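> Contents of entry.txt (compact mmCIF, N, CA and C atoms) are given next:
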# COMPACT_ATOMS: atom_id res chain seq x y z
N MET T 1 -5.43 -15.28 -9.86
CA MET T 1 -6.41 -14.53 -9.09
C MET T 1 -6.98 -13.42 -9.96
N SER T 2 -8.29 -13.26 -9.92
CA SER T 2 -8.94 -12.22 -10.73
C SER T 2 -8.64 -10.84 -10.13
N ILE T 3 -8.79 -9.82 -10.97
CA ILE T 3 -8.53 -8.46 -10.50
C ILE T 3 -9.52 -8.07 -9.42
N SER T 4 -10.77 -8.52 -9.53
CA SER T 4 -11.75 -8.15 -8.50
C SER T 4 -11.40 -8.78 -7.16
N CYS T 5 -10.89 -10.01 -7.17
CA CYS T 5 -10.47 -10.65 -5.91
C CYS T 5 -9.28 -9.91 -5.30
N LYS T 6 -8.34 -9.52 -6.14
CA LYS T 6 -7.17 -8.78 -5.67
C LYS T 6 -7.60 -7.44 -5.05
N ILE T 7 -8.51 -6.74 -5.72
CA ILE T 7 -8.99 -5.46 -5.22
C ILE T 7 -9.68 -5.64 -3.87
N LYS T 8 -10.51 -6.67 -3.76
CA LYS T 8 -11.21 -6.93 -2.50
C LYS T 8 -10.23 -7.24 -1.37
N GLU T 9 -9.16 -7.97 -1.68
CA GLU T 9 -8.13 -8.25 -0.67
C GLU T 9 -7.46 -6.96 -0.21
N ILE T 10 -7.15 -6.08 -1.14
CA ILE T 10 -6.50 -4.81 -0.81
C ILE T 10 -7.43 -3.95 0.06
N ILE T 11 -8.71 -3.90 -0.30
CA ILE T 11 -9.68 -3.13 0.48
C ILE T 11 -9.79 -3.70 1.89
N ALA T 12 -9.91 -5.01 2.01
CA ALA T 12 -10.01 -5.65 3.33
C ALA T 12 -8.80 -5.32 4.18
N ASP T 13 -7.62 -5.40 3.58
CA ASP T 13 -6.39 -5.11 4.30
C ASP T 13 -6.33 -3.64 4.72
N ALA T 14 -6.69 -2.74 3.82
CA ALA T 14 -6.63 -1.31 4.11
C ALA T 14 -7.60 -0.91 5.23
N LEU T 15 -8.75 -1.59 5.28
CA LEU T 15 -9.75 -1.26 6.28
C LEU T 15 -9.65 -2.12 7.53
N HIS T 16 -8.75 -3.10 7.50
CA HIS T 16 -8.56 -4.03 8.62
C HIS T 16 -9.86 -4.77 8.95
N ILE T 17 -10.46 -5.33 7.89
CA ILE T 17 -11.70 -6.09 8.06
C ILE T 17 -11.52 -7.45 7.39
N PRO T 18 -12.35 -8.44 7.74
CA PRO T 18 -12.26 -9.75 7.09
C PRO T 18 -12.62 -9.65 5.61
N LEU T 19 -11.94 -10.43 4.79
CA LEU T 19 -12.18 -10.43 3.35
C LEU T 19 -13.65 -10.70 3.03
N GLU T 20 -14.28 -11.60 3.78
CA GLU T 20 -15.68 -11.94 3.48
C GLU T 20 -16.63 -10.77 3.73
N SER T 21 -16.17 -9.73 4.40
CA SER T 21 -16.99 -8.53 4.61
C SER T 21 -17.00 -7.61 3.39
N VAL T 22 -16.06 -7.85 2.48
CA VAL T 22 -15.93 -6.98 1.30
C VAL T 22 -16.76 -7.56 0.16
N THR T 23 -17.97 -7.05 0.03
CA THR T 23 -18.87 -7.46 -1.05
C THR T 23 -18.95 -6.35 -2.09
N ASP T 24 -19.47 -6.67 -3.26
CA ASP T 24 -19.62 -5.64 -4.30
C ASP T 24 -20.50 -4.50 -3.83
N GLU T 25 -21.44 -4.78 -2.96
CA GLU T 25 -22.39 -3.78 -2.50
C GLU T 25 -21.85 -2.90 -1.38
N LEU T 26 -20.76 -3.29 -0.75
CA LEU T 26 -20.19 -2.51 0.35
C LEU T 26 -19.80 -1.13 -0.16
N SER T 27 -20.15 -0.09 0.61
CA SER T 27 -19.83 1.27 0.18
C SER T 27 -19.39 2.11 1.37
N ILE T 28 -18.89 3.30 1.06
CA ILE T 28 -18.44 4.22 2.09
C ILE T 28 -19.61 4.46 3.05
N GLY T 29 -19.33 4.36 4.33
CA GLY T 29 -20.35 4.54 5.35
C GLY T 29 -21.11 3.27 5.68
N GLY T 30 -20.89 2.22 4.90
CA GLY T 30 -21.57 0.96 5.14
C GLY T 30 -21.08 0.23 6.38
N ILE T 31 -19.85 0.53 6.75
CA ILE T 31 -19.24 -0.01 7.97
C ILE T 31 -18.46 1.12 8.63
N PRO T 32 -18.28 1.06 9.94
CA PRO T 32 -17.56 2.16 10.62
C PRO T 32 -16.15 2.40 10.09
N GLN T 33 -15.47 1.35 9.66
CA GLN T 33 -14.09 1.49 9.20
C GLN T 33 -13.98 2.26 7.88
N TRP T 34 -15.06 2.25 7.09
CA TRP T 34 -14.99 2.90 5.78
C TRP T 34 -15.65 4.27 5.84
N ASP T 35 -14.95 5.18 6.50
CA ASP T 35 -15.36 6.57 6.54
C ASP T 35 -14.44 7.34 5.58
N SER T 36 -14.42 8.65 5.68
CA SER T 36 -13.59 9.43 4.75
C SER T 36 -12.11 9.10 4.89
N MET T 37 -11.65 8.90 6.11
CA MET T 37 -10.24 8.53 6.31
C MET T 37 -9.97 7.12 5.81
N GLY T 38 -10.90 6.23 6.04
CA GLY T 38 -10.78 4.87 5.52
C GLY T 38 -10.72 4.86 4.01
N ASN T 39 -11.48 5.75 3.38
CA ASN T 39 -11.47 5.82 1.93
C ASN T 39 -10.12 6.27 1.40
N ILE T 40 -9.51 7.20 2.08
CA ILE T 40 -8.16 7.64 1.69
C ILE T 40 -7.19 6.46 1.78
N ALA T 41 -7.31 5.67 2.84
CA ALA T 41 -6.44 4.50 3.00
C ALA T 41 -6.68 3.49 1.89
N VAL T 42 -7.94 3.29 1.52
CA VAL T 42 -8.27 2.34 0.45
C VAL T 42 -7.66 2.80 -0.88
N ILE T 43 -7.88 4.06 -1.23
CA ILE T 43 -7.36 4.56 -2.51
C ILE T 43 -5.84 4.51 -2.54
N ALA T 44 -5.19 4.92 -1.46
CA ALA T 44 -3.72 4.89 -1.39
C ALA T 44 -3.20 3.46 -1.53
N ALA T 45 -3.84 2.51 -0.86
CA ALA T 45 -3.41 1.11 -0.93
C ALA T 45 -3.59 0.56 -2.34
N LEU T 46 -4.72 0.88 -2.97
CA LEU T 46 -4.95 0.40 -4.33
C LEU T 46 -3.90 0.95 -5.29
N GLU T 47 -3.63 2.25 -5.19
CA GLU T 47 -2.63 2.85 -6.08
C GLU T 47 -1.26 2.23 -5.87
N GLU T 48 -0.89 2.02 -4.61
CA GLU T 48 0.43 1.46 -4.31
C GLU T 48 0.54 0.01 -4.75
N LYS T 49 -0.41 -0.82 -4.37
CA LYS T 49 -0.29 -2.26 -4.61
C LYS T 49 -0.56 -2.66 -6.06
N LEU T 50 -1.35 -1.84 -6.77
CA LEU T 50 -1.64 -2.14 -8.17
C LEU T 50 -0.79 -1.31 -9.12
N ASN T 51 0.03 -0.43 -8.56
CA ASN T 51 0.91 0.43 -9.34
C ASN T 51 0.12 1.21 -10.40
N ILE T 52 -0.93 1.87 -9.92
CA ILE T 52 -1.78 2.69 -10.79
C ILE T 52 -1.94 4.06 -10.17
N GLU T 53 -2.47 4.98 -10.97
CA GLU T 53 -2.84 6.29 -10.45
C GLU T 53 -4.29 6.54 -10.83
N ILE T 54 -5.12 6.72 -9.82
CA ILE T 54 -6.53 6.96 -10.05
C ILE T 54 -6.70 8.46 -10.28
N PRO T 55 -7.31 8.85 -11.40
CA PRO T 55 -7.49 10.28 -11.69
C PRO T 55 -8.29 10.98 -10.59
N ILE T 56 -7.83 12.14 -10.19
CA ILE T 56 -8.46 12.91 -9.11
C ILE T 56 -9.94 13.15 -9.41
N GLU T 57 -10.26 13.44 -10.66
CA GLU T 57 -11.65 13.74 -11.00
C GLU T 57 -12.58 12.53 -10.82
N ASP T 58 -12.01 11.33 -10.72
CA ASP T 58 -12.82 10.12 -10.55
C ASP T 58 -12.97 9.70 -9.08
N LEU T 59 -12.21 10.32 -8.18
CA LEU T 59 -12.20 9.88 -6.79
C LEU T 59 -13.57 9.95 -6.12
N PHE T 60 -14.35 10.98 -6.41
CA PHE T 60 -15.65 11.13 -5.75
C PHE T 60 -16.65 10.08 -6.20
N ASP T 61 -16.43 9.49 -7.37
CA ASP T 61 -17.32 8.45 -7.87
C ASP T 61 -16.99 7.08 -7.29
N LEU T 62 -15.84 6.95 -6.66
CA LEU T 62 -15.41 5.66 -6.12
C LEU T 62 -15.93 5.51 -4.70
N ASN T 63 -17.20 5.17 -4.58
CA ASN T 63 -17.83 5.11 -3.28
C ASN T 63 -18.36 3.73 -2.91
N SER T 64 -18.01 2.72 -3.72
CA SER T 64 -18.40 1.35 -3.42
C SER T 64 -17.35 0.40 -3.99
N VAL T 65 -17.39 -0.82 -3.51
CA VAL T 65 -16.46 -1.82 -4.04
C VAL T 65 -16.69 -1.99 -5.54
N ARG T 66 -17.94 -2.06 -5.94
CA ARG T 66 -18.26 -2.24 -7.37
C ARG T 66 -17.71 -1.09 -8.20
N SER T 67 -17.88 0.16 -7.74
CA SER T 67 -17.38 1.30 -8.52
C SER T 67 -15.86 1.30 -8.58
N ILE T 68 -15.21 0.86 -7.52
CA ILE T 68 -13.75 0.78 -7.53
C ILE T 68 -13.27 -0.27 -8.52
N ILE T 69 -13.90 -1.43 -8.51
CA ILE T 69 -13.52 -2.49 -9.45
C ILE T 69 -13.71 -2.01 -10.88
N ASN T 70 -14.85 -1.39 -11.17
CA ASN T 70 -15.12 -0.89 -12.53
C ASN T 70 -14.08 0.13 -12.96
N GLU T 71 -13.70 1.04 -12.07
CA GLU T 71 -12.71 2.07 -12.41
C GLU T 71 -11.34 1.45 -12.69
N ILE T 72 -10.93 0.50 -11.87
CA ILE T 72 -9.61 -0.09 -12.05
C ILE T 72 -9.57 -0.95 -13.31
N VAL T 73 -10.65 -1.63 -13.63
CA VAL T 73 -10.71 -2.37 -14.89
C VAL T 73 -10.59 -1.40 -16.06
N LYS T 74 -11.25 -0.23 -15.96
CA LYS T 74 -11.16 0.79 -17.00
C LYS T 74 -9.73 1.31 -17.15
N ILE T 75 -9.08 1.55 -16.02
CA ILE T 75 -7.70 2.06 -16.04
C ILE T 75 -6.75 1.04 -16.67
N ASN T 76 -6.93 -0.23 -16.31
CA ASN T 76 -6.05 -1.29 -16.81
C ASN T 76 -6.38 -1.74 -18.23
N GLY T 77 -7.48 -1.25 -18.76
CA GLY T 77 -7.87 -1.59 -20.12
C GLY T 77 -8.32 -2.99 -20.21
Can the structure from this file be put into structure tokens for me?


Amino acid sequence: MSISCKIKEIIADALHIPLESVTDELSIGGIPQWDSMGNIAVIAALEEKLNIEIPIEDLFDLNSVRSIINEIVKING
């Protein structure tokens, strides 16, 4: 499974939405479930399930599925 597919699964699970709803273009505020609290759930789930730590200074830039995938690819090298 590719890292982007894994990330999308984690986001879908954290937001309690169908996987097919998680597109690269989906962003905070794009659906009712992805509000500020939903974003905290997404980031926490990603850190836990991928065993990573997202730098605090990067959190505000992580506002879409695409930006999250790009950041995690950067972190994982």

> Excluding region 59-71 of chain T and any residue of its chain fewer than 6 positions from it, enumerate the residues within 10 Å of it, using only C-alpha atoms, and give them as a JSON list (two decimals) with N, CA and C atoms, keeping the file's coordinate frame.


[["chain", "number", "residue", "atom", "x", "y", "z"],
["T", 3, "ILE", "N", -8.79, -9.82, -10.97],
["T", 3, "ILE", "CA", -8.53, -8.46, -10.50],
["T", 3, "ILE", "C", -9.52, -8.07, -9.42],
["T", 4, "SER", "N", -10.77, -8.52, -9.53],
["T", 4, "SER", "CA", -11.75, -8.15, -8.50],
["T", 4, "SER", "C", -11.40, -8.78, -7.16],
["T", 5, "CYS", "N", -10.89, -10.01, -7.17],
["T", 5, "CYS", "CA", -10.47, -10.65, -5.91],
["T", 5, "CYS", "C", -9.28, -9.91, -5.30],
["T", 6, "LYS", "N", -8.34, -9.52, -6.14],
["T", 6, "LYS", "CA", -7.17, -8.78, -5.67],
["T", 6, "LYS", "C", -7.60, -7.44, -5.05],
["T", 7, "ILE", "N", -8.51, -6.74, -5.72],
["T", 7, "ILE", "CA", -8.99, -5.46, -5.22],
["T", 7, "ILE", "C", -9.68, -5.64, -3.87],
["T", 8, "LYS", "N", -10.51, -6.67, -3.76],
["T", 8, "LYS", "CA", -11.21, -6.93, -2.50],
["T", 8, "LYS", "C", -10.23, -7.24, -1.37],
["T", 11, "ILE", "N", -8.71, -3.90, -0.30],
["T", 11, "ILE", "CA", -9.68, -3.13, 0.48],
["T", 11, "ILE", "C", -9.79, -3.70, 1.89],
["T", 22, "VAL", "N", -16.06, -7.85, 2.48],
["T", 22, "VAL", "CA", -15.93, -6.98, 1.30],
["T", 22, "VAL", "C", -16.76, -7.56, 0.16],
["T", 23, "THR", "N", -17.97, -7.05, 0.03],
["T", 23, "THR", "CA", -18.87, -7.46, -1.05],
["T", 23, "THR", "C", -18.95, -6.35, -2.09],
["T", 24, "ASP", "N", -19.47, -6.67, -3.26],
["T", 24, "ASP", "CA", -19.62, -5.64, -4.30],
["T", 24, "ASP", "C", -20.50, -4.50, -3.83],
["T", 25, "GLU", "N", -21.44, -4.78, -2.96],
["T", 25, "GLU", "CA", -22.39, -3.78, -2.50],
["T", 25, "GLU", "C", -21.85, -2.90, -1.38],
["T", 26, "LEU", "N", -20.76, -3.29, -0.75],
["T", 26, "LEU", "CA", -20.19, -2.51, 0.35],
["T", 26, "LEU", "C", -19.80, -1.13, -0.16],
["T", 27, "SER", "N", -20.15, -0.09, 0.61],
["T", 27, "SER", "CA", -19.83, 1.27, 0.18],
["T", 27, "SER", "C", -19.39, 2.11, 1.37],
["T", 28, "ILE", "N", -18.89, 3.30, 1.06],
["T", 28, "ILE", "CA", -18.44, 4.22, 2.09],
["T", 28, "ILE", "C", -19.61, 4.46, 3.05],
["T", 29, "GLY", "N", -19.33, 4.36, 4.33],
["T", 29, "GLY", "CA", -20.35, 4.54, 5.35],
["T", 29, "GLY", "C", -21.11, 3.27, 5.68],
["T", 30, "GLY", "N", -20.89, 2.22, 4.90],
["T", 30, "GLY", "CA", -21.57, 0.96, 5.14],
["T", 30, "GLY", "C", -21.08, 0.23, 6.38],
["T", 34, "TRP", "N", -15.06, 2.25, 7.09],
["T", 34, "TRP", "CA", -14.99, 2.90, 5.78],
["T", 34, "TRP", "C", -15.65, 4.27, 5.84],
["T", 39, "ASN", "N", -11.48, 5.75, 3.38],
["T", 39, "ASN", "CA", -11.47, 5.82, 1.93],
["T", 39, "ASN", "C", -10.12, 6.27, 1.40],
["T", 40, "ILE", "N", -9.51, 7.20, 2.08],
["T", 40, "ILE", "CA", -8.16, 7.64, 1.69],
["T", 40, "ILE", "C", -7.19, 6.46, 1.78],
["T", 42, "VAL", "N", -7.94, 3.29, 1.52],
["T", 42, "VAL", "CA", -8.27, 2.34, 0.45],
["T", 42, "VAL", "C", -7.66, 2.80, -0.88],
["T", 43, "ILE", "N", -7.88, 4.06, -1.23],
["T", 43, "ILE", "CA", -7.36, 4.56, -2.51],
["T", 43, "ILE", "C", -5.84, 4.51, -2.54],
["T", 46, "LEU", "N", -4.72, 0.88, -2.97],
["T", 46, "LEU", "CA", -4.95, 0.40, -4.33],
["T", 46, "LEU", "C", -3.90, 0.95, -5.29],
["T", 77, "GLY", "N", -7.48, -1.25, -18.76],
["T", 77, "GLY", "CA", -7.87, -1.59, -20.12],
["T", 77, "GLY", "C", -8.32, -2.99, -20.21]]

> Could you tell me how far CA of Ala14 (chain T) sits from CA of Lys49 (chain T), in Å to one decimal place?

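If I compute the distance from CA of Lys49 (chain T) to CA of Ala14 (chain T), I get 10.8 Å.
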
> Among chain T, which residues does DSSP mark as helix (DSSP H, G or I) when it is run on the backbone? Keep the chain and numbering as in the structure and answer as a ChimeraX atom specification.

/T:3-15,19-21,36-50,56-61,65-76

> What is the distance between CA of Ile54 (chain T) and CA of Pro32 (chain T), in Å to one decimal?

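Result for CA of Ile54 (chain T) versus CA of Pro32 (chain T): 23.9 Å, one decimal.
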
> Record the distance separating atom C of Pro55 (chain T) and CA of Val73 (chain T), expressed in Å with one decimal.

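Separation of atom C of Pro55 (chain T) and CA of Val73 (chain T): 14.2 Å.
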
> Which of these residues is nearest to His16 (chain T), using all atoms listed in the file: T:Lys74, T:Ile52, T:Ser2, T:Gln33?

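Result for the nearest residue to His16 (chain T): T:Gln33.
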
> Draw an axis-aligned box over all listed atoms of region 36-49 of chain T, pad each side with 4 Å, and write its centre and edge lengths in Å, one decimal, as JSON.


{"center_x": -6.9, "center_y": 3.4, "center_z": 0.1, "size_x": 23.0, "size_y": 20.1, "size_z": 20.4}
